[in-house]
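Just below is one structure, and these are the notes that go with it.
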Amino acid sequence: MAPIKKGKPDGGVKKISVTSTDLTPARGVEEKMSWKEYKKMKKQTSNGIQKKSLKMKRPVPVADEAREKKQVKLTKQQKERHDTGADAIDPSAMRSKLQQEKMKITKEKFERRIEATAKAEKRLVENAGFVVPDDEDDNSLSYSIRQKDIVEAVDMAAASKHFDLKLPNFGPYHIDYTDNGRHLVIGGRKGHLASIDWQTKHLHFEQNVMEKVSDVKFLHTENFIAVAQKNYTYVYDNLGTELHCLKTMYDTARLEFLSRHFLLVGSSRNSFLNYIDVSVGKQVASFATKSGTLDVMCQNPANAIIHTGHTNGTVSLWSPNSKEPLVKILTHLSSVKGIAVDDQGNYMATTGLDRKCRIWDVRMFRQLHAYSLPFGVADVSISQKLDVACAVGNHVQVFRGMHNGTCKEPYLVHNCGGVVTDLKFVPWEDVLGIGHANGFTSMLVPGAGDPNVDTLRSNPYETKSQRKEREIKQLLDKLQPELITLNPDDINKVNEGLLELEEEERKKILYIRPMAVQYTPRHKMRSKKSGWKMEARKNIIKDQIRLERNLEKHSAEDHFFEKPEEQVQPKKKHILDRLK
Amino acid sequence: MKIKVISRNPNTYQRETTDQRNKIVRNFNTPADPFRAQVEYTRALNATKLERVFAKPFVASLDGHVDGVQVLAKHPNRPSQIYSGARDGTVKVWNLASRECQATIEAHRGLVNDISVDNNTGDNFVTVGQDSHLKYWKISSVVDGQQKVPAHSTPLDGIIYGVSHLSFSSDFVTCGEDISVWKPFRETPLRSYNLGTDTIHTCRANPVEENVIVGARSDRSIFVLDTRQDVPVKKVTMKMRPNKISWNPMEAYSFTVASEDFSLYTFDMRYMEHPTQSHQGFTSAVLDVDYSPTGQEFVAAGYDRSIRLFKARDMTSRDVYYTKRMASVLSVLWSADAKFVLSGSNEMNIRVWKANAAEKLGPLTKREKQAFAYNEKLRDTYKNHPEVRRIAKHRNVPRHIFTAAKEHKLIKDARARRDLRRAKAAGLDEEDSYLPQTQKVMVGDAEM
C-alpha cells in the first residue's frame, strides 16, 4: 500500500471521487495507485467493514449480559451439598483438544446443575423438625424429653399425630404404612386387623380374621392389604373383604412389597422365599433358602433386593433370579433380630442378640459403625433423614447420626408398656409407628422425615383420581423381575465379562471326553429285589444323563462350527406372537 | 428445649374445590430415582413393541391404470400432485390428498418411458414414450379442461428413454441414443452429446447444481456430464447394469444407483472410482430408487415384489413393505412432504405407504406429540440393547424373499471363502487381498 500517502496530500495530487459503494478512505487515494493495488486495498477495507457490520448485526442482548454478571455466588456449604462431581472434572487433564472442549462443556453443565438445585432449594415450602436447647447453658439431654413434652410444645395439628391405641387383648401388633405415609394397617397376633387413615383418624375397616396374623403389608395402594395368616397369605381390600387367598405363600413370617416390580415377597418359616407378581397373580419365583426360619426380612428400596437375617448371624441378599444368595454377610456372632435399609440403599442397620446395632455400607458390604444397646434388642428401622429406631424390650430408642458415627446417646426414648414387635418410620412425617404387645403407638420424632414432598413422586394428599392415575402409570412402568440386580444401573453398562465367560464355558464342552456315568439305584424295600429291574432303572437314568450331555455338546458344536440350521416350518402363529 | 415437628398446611397441597386442578408441589432436591435407568429401559422396550404393533404402513391404493405403472413423478411445488405413466401409454394425474385421479390422457402409443415436470414455472410437464415422441402438456388444461391433446408434440428419430428437468429451469435433458438439452416448445434440441453407440437408458439432472447430469448406459457405465462442457466429466463402468439413478437432494454431489445385482450403490460424484456405500437386502434386481426430500433416506423398488426404505448411509434397509397381491414394483416415489412413499407395480396399482410405518396420521394433540417424541428418543437411546434391537429389527417377509435371502447368503459366503482360498493358494496375504463389496462391483478404472 505504498501509494497511500501518510502525510498531508500535496495540492498537486488529483483525488479519486468517492462514491457511496466505493469505500476508499475519505481523504481519497493518490491516482498513482495501480488497479491491482487499488483492488487489494478495497478488498481489505471492505473486509473490515463487513466484519464491523456483522458485529453490529449481533448485539449482545442486555438481559443476557446482566444475567451472566448476576451469576449466583454459591456459598461453600451450598456447593458441598449439591456438588455431584463438578469439582472432580478437570478439562486440562484430557489429551486431545476436542476432549478438553467436551469436558469443559460437561463441567459447565454440572456447574449449572449445582446452581439450579441450590436455587430450587430456596423454593422449598416446608421446614424440617428439630429439637434444640433453649440457650447455650441448657445441658438437658434430648432423650429426657417425653412424648407429652413434645405434644405440648408443638402445634395442634402436629400434636394430633401422637396417639396410642390400647389393644392389649390382640397384640403384639405388626404394622405397615402406604408409600405416601397416609394410611396405616395394624395386624394383631390374635387376628385383629384394622386399616386407618391415621392423620384424620378415619377407620377404613376393622375386623378379626380369627386366625394368627404374622405380618401385614400394603400393596401399591391403600386398597390392597396382604396379610400373612396362620396357613396362607390373604389379600384384603380397604373394606376388609377377602380378595385372594395366596396358597403358594404358606406359613409366611414376614411380607415385603416391591412396588416398582409389583412383587409381593413372603418369607416363610420353612425357609422358602416366595415372589408373587400381584399385577398378574403369577408366582415369579419360589425357592428354599435352606437357612431356617426367615422371620427377619427387609427390602433394599433402592434395588429391590431382599435381605434376610438368620439365626447364625448372617444376612443374605436375594433376588428372584437366583436360588443362591447374591451376597452373604456375617453381621453378628449371634442371631440377627432386625434389619433395615435406608431409602437410598446406602446404609443397612442390623441388630442382633449380641446387643449390638451395626451400620453397614450396603454397596461395599463393609461395617461402618457398631453400637452397644441394652438387652432385649429386636426390630430396627431407618428414617428418611437416617435416624435409626431400635426396639429394646418395651422401649424404643431412636438414634441420630448413627450412620456417620456421631451418635453418643439415644436421641429419643419411649416406653410402650409392652414388648415392641414392629417399627416403621412414616415417610414425609416426623412420626414413628410402633407395633407392640399393648397395641399401637404413633411416636413423634422431630427431624426424622423429609419435610418437602415431591408430589409427582409420592403424594400424601393424593385424591382418588390421582391415585387411579398413579396406579396406571405405575403399572405401565412395571419392571420385570429379571431386572432385579444389585446395581440397577447395570442395564446401562456393557456386560463384557459374561460374554467371554460363556464362550469359554461352551468351548470347554467340546473337549471333554464323555465320562462314565456312575449311578447306583437306591435300595427300595417295597419292590421286590429283581436284578433285571434294577439294571433297567439304572440304564434309564444313565441314558438320560448321556442324552443331556450330548445335547449340550451338540448345541456347542452348532454354535462354534455354525452348522446350518434345520429348516423347521413355523406353525401358524398369532399375529402378536412376533412380539414375544 | 425448642421443639418443632413437620406440620403441613393441607391447603398448600389440596385444591379447594373439585373444579380446580390438583395442586402439584415439587421438590427438585429429592434424591435421584435409583430405578431411573430400568424404568427408561422398560419404557423403551414398550415403545418399541408398540411401534411394531402400530406398524401398518399401507395407506391407500390408487387404481385406474390398466397396465403396469412404469413411471411416477412429482410436482416441484405441489405436494399433492402425482403423475404416473403406464405401459399402455396412458398418463394419469393424481391428487394425493383426495386420492382421486384428476386426469387421464392417452399420451403415447406403447410405453410411457418417463415424465418430468417443469422446475421453473411448474405449469407444464413433458412425457417421452416408446413411440419416439416428446410431448409437452399444460397441467392446467389437462387437469381442469380435460384436454386430451398435448400442447406441443415433437416426433424424433430415436426412442427417448428418459427425461429430466434441470433445476430451477424450464429446460430439460433427454436421453436415448444421445443426451440432448432442450428448451421448451422447440422442435430441435439446444445441444446434443453423442457418447457412443450404447443406448442411454436413464438420466437425472442434479436438483441443486443446474448443469450437472448423471446417466447410465447400456454398456453398464455411469457418467456425469456438465452441460457447459462437450464431453462427460466422469465415466465408470459397473459389473452389472445400473437401472435407475436418483440424486440426493440435500447433498449435491452424491447419487444412488439401483443396480441389477440386487443392491443399490451410493456414489460420490467427486470420487467415482467406486461407490461409497452399498445398500443390500433385495433378493432380486432393483428397478427404481427415489430420495426423500430430506436427503436422509431413500426408497427402492425391487423385482422381488417388495419395496425397501434405506437410511442414506446405512447398508441394510430400515424397513420393507409388501402386500400379498403386489407384483414386481417398477417405480417408486417419495412424496414431497416426506411423509409418504408411492410404489407403482406391474399389477397396475399405485400404492401409497407411510414413510414411517408406525406413524399416526392426522392432527396430533400437544400431549400426543410429546409422547411420540419421548418414545422416539427412548427408542433411540436404548436401540442397542439386545431385546430392543431384536424387536425393532424383526420383519416378517414373504417366504420367497426369506428363502431367497437365505440362499443368497449361502452363495455370498461361499464366494467369500473361495476368494480367500484362492488368495491363499496364490500366496497372497489374506488381509491385503480382501476387497470390500463396494470395490468389487466396478470394472476397470474411471475415465475422466
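Chain identifiers are assigned as A, B, and so on, following the order in which chains appear in the C-alpha cells; residues are numbered from 1 within each chain, and ligands are numbered from 1 in order of appearance.
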Practice task
Within region 231-318 of chain B, find each residue whose DSSP state, derived from the backbone, is strand (DSSP E), and express the selection as a VMD selection string.
Solution key: chain B and resid 234 to 238 242 to 247 254 to 259 264 to 268 277 to 279 286 to 291 297 to 302 307 to 311 317 to 318
Would you put the residues from that selection into a file with C-alpha atoms, as a compact mmCIF listing (two decimals), in the first residue's frame?
# COMPACT_ATOMS: atom_id res chain seq x y z
CA LYS B 234 -16.50 -38.74 -15.49
CA LYS B 235 -17.42 -42.24 -16.52
CA VAL B 236 -17.21 -45.50 -14.63
CA THR B 237 -18.34 -49.00 -15.53
CA MET B 238 -20.03 -51.42 -13.19
CA PRO B 242 -27.39 -49.76 -13.29
CA ASN B 243 -31.16 -49.48 -13.71
CA LYS B 244 -32.11 -46.11 -12.27
CA ILE B 245 -30.36 -43.24 -10.58
CA SER B 246 -31.53 -40.68 -8.03
CA TRP B 247 -29.68 -37.63 -6.76
CA SER B 254 -24.00 -37.85 -4.10
CA PHE B 255 -26.38 -40.06 -6.00
CA THR B 256 -27.68 -43.58 -5.60
CA VAL B 257 -27.83 -46.20 -8.31
CA ALA B 258 -30.34 -49.05 -8.39
CA SER B 259 -28.44 -51.98 -9.77
CA LEU B 264 -28.00 -50.14 -4.55
CA TYR B 265 -24.83 -48.11 -4.60
CA THR B 266 -24.27 -44.58 -3.43
CA PHE B 267 -21.59 -42.71 -5.34
CA ASP B 268 -19.78 -39.53 -4.58
CA GLN B 277 -21.71 -47.32 0.22
CA SER B 278 -23.63 -50.36 -0.89
CA HIS B 279 -27.21 -50.93 0.21
CA VAL B 286 -33.63 -53.21 -8.05
CA LEU B 287 -35.70 -51.32 -10.57
CA ASP B 288 -36.13 -47.83 -9.20
CA VAL B 289 -34.91 -45.54 -6.46
CA ASP B 290 -36.06 -42.18 -5.14
CA TYR B 291 -34.69 -39.94 -2.41
CA GLU B 297 -33.44 -41.66 3.33
CA PHE B 298 -34.39 -43.23 0.05
CA VAL B 299 -36.85 -45.81 -1.17
CA ALA B 300 -36.12 -48.52 -3.68
CA ALA B 301 -38.32 -50.83 -5.71
CA GLY B 302 -37.48 -54.45 -6.19
CA ILE B 307 -40.07 -52.02 -1.60
CA ARG B 308 -37.39 -51.16 0.87
CA LEU B 309 -36.58 -47.98 2.74
CA PHE B 310 -32.95 -47.22 3.46
CA LYS B 311 -31.21 -44.65 5.56
CA SER B 317 -32.77 -51.43 4.91
CA ARG B 318 -34.71 -49.69 7.63
Can you build me a table of region 382-480 of chain A residues sitting at most 7 Å from region 336-343 of chain A, with the closest atom pair per residue and its distance in Å to one decimal, using only C-alpha atoms, sorted by chain and residue number, as a tab-separated table?
residue	atom	partner	partner_atom	distance
A:Ile382	CA	A:Asp342	CA	5.7
A:Ser383	CA	A:Asp342	CA	6.9
A:Gln384	CA	A:Asp343	CA	6.6
A:Leu386	CA	A:Asp342	CA	6.9
Please tabulate, as JSON lines, the residues of chain A that come within 7 Å of chain B, each with its closest pair of atoms and the distance in Å to one decimal, counting only C-alpha atoms and ordering rows by chain, then residue number upward.
{"residue": "A:Thr117", "atom": "CA", "partner": "B:Asn29", "partner_atom": "CA", "distance": 6.2}
{"residue": "A:Ala120", "atom": "CA", "partner": "B:Phe28", "partner_atom": "CA", "distance": 6.0}
{"residue": "A:Glu121", "atom": "CA", "partner": "B:Asn29", "partner_atom": "CA", "distance": 6.6}
{"residue": "A:Leu124", "atom": "CA", "partner": "B:Asn27", "partner_atom": "CA", "distance": 6.6}
{"residue": "A:Asn127", "atom": "CA", "partner": "B:Ile6", "partner_atom": "CA", "distance": 6.8}
{"residue": "A:Ala128", "atom": "CA", "partner": "B:Ile6", "partner_atom": "CA", "distance": 5.9}
{"residue": "A:Gly129", "atom": "CA", "partner": "B:Val5", "partner_atom": "CA", "distance": 3.9}
{"residue": "A:Phe130", "atom": "CA", "partner": "B:Lys4", "partner_atom": "CA", "distance": 5.2}
{"residue": "A:Val131", "atom": "CA", "partner": "B:Ile3", "partner_atom": "CA", "distance": 4.6}
{"residue": "A:Val132", "atom": "CA", "partner": "B:Lys2", "partner_atom": "CA", "distance": 5.2}
{"residue": "A:Pro133", "atom": "CA", "partner": "B:Met1", "partner_atom": "CA", "distance": 4.3}
{"residue": "A:Asp134", "atom": "CA", "partner": "B:Met1", "partner_atom": "CA", "distance": 4.8}
{"residue": "A:Ile150", "atom": "CA", "partner": "B:Ile3", "partner_atom": "CA", "distance": 6.7}
{"residue": "A:Ala153", "atom": "CA", "partner": "B:Ile3", "partner_atom": "CA", "distance": 6.2}
{"residue": "A:Val154", "atom": "CA", "partner": "B:Lys4", "partner_atom": "CA", "distance": 5.9}
{"residue": "A:Ala157", "atom": "CA", "partner": "B:Ser7", "partner_atom": "CA", "distance": 6.8}
{"residue": "A:Ala158", "atom": "CA", "partner": "B:Ser7", "partner_atom": "CA", "distance": 5.6}
{"residue": "A:Ala302", "atom": "CA", "partner": "B:Pro34", "partner_atom": "CA", "distance": 5.5}
{"residue": "A:Glu429", "atom": "CA", "partner": "B:Ile6", "partner_atom": "CA", "distance": 6.3}
{"residue": "A:Asp430", "atom": "CA", "partner": "B:Ile6", "partner_atom": "CA", "distance": 6.0}
{"residue": "A:Pro446", "atom": "CA", "partner": "B:Val5", "partner_atom": "CA", "distance": 4.8}
{"residue": "A:Gly447", "atom": "CA", "partner": "B:Val5", "partner_atom": "CA", "distance": 6.6}
{"residue": "A:Pro451", "atom": "CA", "partner": "B:Ile6", "partner_atom": "CA", "distance": 6.1}
{"residue": "A:Asn452", "atom": "CA", "partner": "B:Asn27", "partner_atom": "CA", "distance": 6.2}
{"residue": "A:Val453", "atom": "CA", "partner": "B:Asn27", "partner_atom": "CA", "distance": 6.0}
{"residue": "A:Asp454", "atom": "CA", "partner": "B:Arg26", "partner_atom": "CA", "distance": 4.4}
{"residue": "A:Thr455", "atom": "CA", "partner": "B:Val25", "partner_atom": "CA", "distance": 5.5}
{"residue": "A:Tyr461", "atom": "CA", "partner": "B:Tyr13", "partner_atom": "CA", "distance": 6.5}
{"residue": "A:Asp477", "atom": "CA", "partner": "B:Val39", "partner_atom": "CA", "distance": 6.0}
{"residue": "A:Leu479", "atom": "CA", "partner": "B:Thr42", "partner_atom": "CA", "distance": 6.5}
{"residue": "A:Pro488", "atom": "CA", "partner": "B:Phe35", "partner_atom": "CA", "distance": 6.1}
{"residue": "A:Asp489", "atom": "CA", "partner": "B:Ala37", "partner_atom": "CA", "distance": 6.0}
{"residue": "A:Ile491", "atom": "CA", "partner": "B:Gln38", "partner_atom": "CA", "distance": 6.8}
{"residue": "A:Asn492", "atom": "CA", "partner": "B:Ala37", "partner_atom": "CA", "distance": 7.0}
{"residue": "A:Leu579", "atom": "CA", "partner": "B:Lys49", "partner_atom": "CA", "distance": 6.5}
Problem - Gap from CA of Lys148 (chain B) to CA of Thr127 (chain B) - Å, one decimal - result: 13.6 Å
Practice task
Within region 68-206 of chain B, find each residue whose DSSP state, derived from the backbone, is helix (DSSP H, G or I), and express the selection as a ChimeraX atom specification.
Solution key: /B:139-143
Problem - Neighbour list for region 379-381 of chain B as a PyMOL selection string, cut-off 8 Å, only C-alpha atoms, skip fewer than 3 positions in-chain - result: chain B and resi 44-45+47-48+375-376+384+388
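Those residues that approach Asn77 (chain B) to within 9 Å, counting only C-alpha atoms, are Asn119, Gly122 and Ala336 of chain B; same-chain residues fewer than 5 positions away are not listed.
Between Leu435 (chain B) and the candidates B:Ala371, B:Asp261, B:His274, B:Gln20, the tightest atom-to-atom separation, counting only C-alpha atoms, involves B:His274.
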For region 230-236 of chain A, find every residue with an atom within 8 Å (counting only C-alpha atoms), except residues of its own chain fewer than 3 positions away, and show them as a CSV table (one decimal) with C-alpha atoms, in the first residue's frame.
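Saved result, out07.csv, follows:
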chain,number,residue,atom,x,y,z
A,211,GLU,CA,-56.5,-66.6,62.8
A,212,LYS,CA,-53.0,-65.8,63.8
A,213,VAL,CA,-51.6,-62.8,61.9
A,214,SER,CA,-47.9,-62.7,61.4
A,223,ASN,CA,-56.9,-50.6,48.7
A,224,PHE,CA,-55.0,-53.8,48.9
A,225,ILE,CA,-53.6,-55.3,52.1
A,226,ALA,CA,-51.6,-58.5,52.2
A,227,VAL,CA,-51.9,-60.4,55.5
A,239,LEU,CA,-63.3,-52.6,53.4
A,240,GLY,CA,-61.9,-55.8,54.8
A,241,THR,CA,-63.3,-58.0,52.1
A,242,GLU,CA,-61.1,-61.0,51.4
A,243,LEU,CA,-60.0,-60.8,47.7
A,244,HIS,CA,-57.5,-63.5,47.4
A,245,CYS,CA,-56.0,-66.4,49.2
A,246,LEU,CA,-52.4,-67.0,48.2
A,247,LYS,CA,-51.9,-70.6,48.9
A,248,THR,CA,-48.4,-70.7,47.5
A,249,MET,CA,-47.4,-68.3,50.3
A,250,TYR,CA,-47.6,-70.9,53.0
A,251,ASP,CA,-46.7,-70.3,56.7
A,252,THR,CA,-45.3,-66.8,56.0
Problem - Surrounding residues of Gly188 (chain A) excluding itself and chain neighbours under 2 positions, 7 Å, only C-alpha atoms, as a PyMOL selection string - result: chain A and resi 170-174+186+190-193+213
If you count only C-alpha atoms, which residues fall within 10 Å of region 161-172 of chain B, apart from same-chain ones fewer than 5 positions away, as a PDB file with C-alpha atoms, in the first residue's frame?
ATOM      1  CA  PRO B  76     -41.812 -29.496  -7.724  1.00  0.00           C
ATOM      2  CA  LEU B 111     -44.798 -47.450 -23.037  1.00  0.00           C
ATOM      3  CA  VAL B 112     -44.515 -44.135 -21.312  1.00  0.00           C
ATOM      4  CA  ASN B 113     -40.788 -44.034 -20.715  1.00  0.00           C
ATOM      5  CA  ASP B 114     -40.503 -41.047 -18.440  1.00  0.00           C
ATOM      6  CA  ILE B 115     -42.314 -37.999 -17.091  1.00  0.00           C
ATOM      7  CA  SER B 116     -40.785 -34.783 -15.839  1.00  0.00           C
ATOM      8  CA  VAL B 117     -42.401 -31.605 -14.545  1.00  0.00           C
ATOM      9  CA  ASP B 118     -41.144 -28.113 -15.260  1.00  0.00           C
ATOM     10  CA  ASN B 119     -38.967 -26.941 -12.375  1.00  0.00           C
ATOM     11  CA  ASN B 120     -39.263 -23.253 -13.088  1.00  0.00           C
ATOM     12  CA  THR B 121     -42.895 -22.372 -13.693  1.00  0.00           C
ATOM     13  CA  GLY B 122     -44.388 -25.685 -12.703  1.00  0.00           C
ATOM     14  CA  ASP B 123     -47.223 -25.296 -15.217  1.00  0.00           C
ATOM     15  CA  ASN B 124     -46.320 -27.962 -17.751  1.00  0.00           C
ATOM     16  CA  PHE B 125     -44.816 -31.406 -17.925  1.00  0.00           C
ATOM     17  CA  VAL B 126     -43.000 -33.454 -20.514  1.00  0.00           C
ATOM     18  CA  THR B 127     -43.572 -37.095 -21.358  1.00  0.00           C
ATOM     19  CA  VAL B 128     -41.490 -39.336 -23.557  1.00  0.00           C
ATOM     20  CA  GLY B 129     -42.616 -42.667 -24.898  1.00  0.00           C
ATOM     21  CA  GLN B 130     -41.666 -45.732 -26.803  1.00  0.00           C
ATOM     22  CA  SER B 132     -40.343 -41.772 -30.220  1.00  0.00           C
ATOM     23  CA  LEU B 134     -41.641 -35.944 -26.951  1.00  0.00           C
ATOM     24  CA  GLU B 177     -29.148 -42.641 -28.371  1.00  0.00           C
ATOM     25  CA  ILE B 179     -28.069 -36.828 -24.447  1.00  0.00           C
ATOM     26  CA  SER B 180     -29.877 -33.680 -25.566  1.00  0.00           C
ATOM     27  CA  VAL B 181     -30.645 -30.441 -23.798  1.00  0.00           C
ATOM     28  CA  TRP B 182     -33.948 -28.873 -24.810  1.00  0.00           C
ATOM     29  CA  LYS B 183     -35.699 -25.595 -24.418  1.00  0.00           C
ATOM     30  CA  PRO B 184     -39.456 -25.989 -24.100  1.00  0.00           C
ATOM     31  CA  PHE B 185     -41.612 -25.929 -27.218  1.00  0.00           C
ATOM     32  CA  PRO B 189     -32.565 -29.771 -29.055  1.00  0.00           C
ATOM     33  CA  LEU B 190     -30.340 -26.950 -27.913  1.00  0.00           C
ATOM     34  CA  THR B 199     -28.156 -46.515 -25.503  1.00  0.00           C
ATOM     35  CA  ILE B 200     -28.502 -44.261 -22.525  1.00  0.00           C
ATOM     36  CA  HIS B 201     -31.447 -45.643 -20.633  1.00  0.00           C
ATOM     37  CA  THR B 202     -31.691 -43.205 -17.754  1.00  0.00           C
ATOM     38  CA  CYS B 203     -30.605 -39.695 -16.904  1.00  0.00           C
ATOM     39  CA  ARG B 204     -31.245 -37.370 -13.997  1.00  0.00           C
ATOM     40  CA  ALA B 205     -30.458 -33.689 -13.662  1.00  0.00           C
ATOM     41  CA  ASN B 206     -28.950 -32.587 -10.394  1.00  0.00           C
ATOM     42  CA  PRO B 207     -31.586 -30.886  -8.222  1.00  0.00           C
ATOM     43  CA  VAL B 208     -29.068 -28.364  -6.877  1.00  0.00           C
ATOM     44  CA  GLU B 209     -26.337 -27.841  -9.441  1.00  0.00           C
ATOM     45  CA  GLU B 210     -28.066 -26.538 -12.590  1.00  0.00           C
ATOM     46  CA  ASN B 211     -25.773 -28.061 -15.149  1.00  0.00           C
ATOM     47  CA  VAL B 212     -24.868 -31.452 -13.812  1.00  0.00           C
ATOM     48  CA  ILE B 213     -26.464 -34.588 -15.191  1.00  0.00           C
ATOM     49  CA  GLY B 215     -26.901 -41.043 -16.589  1.00  0.00           C
TER      50      GLY B 215
END
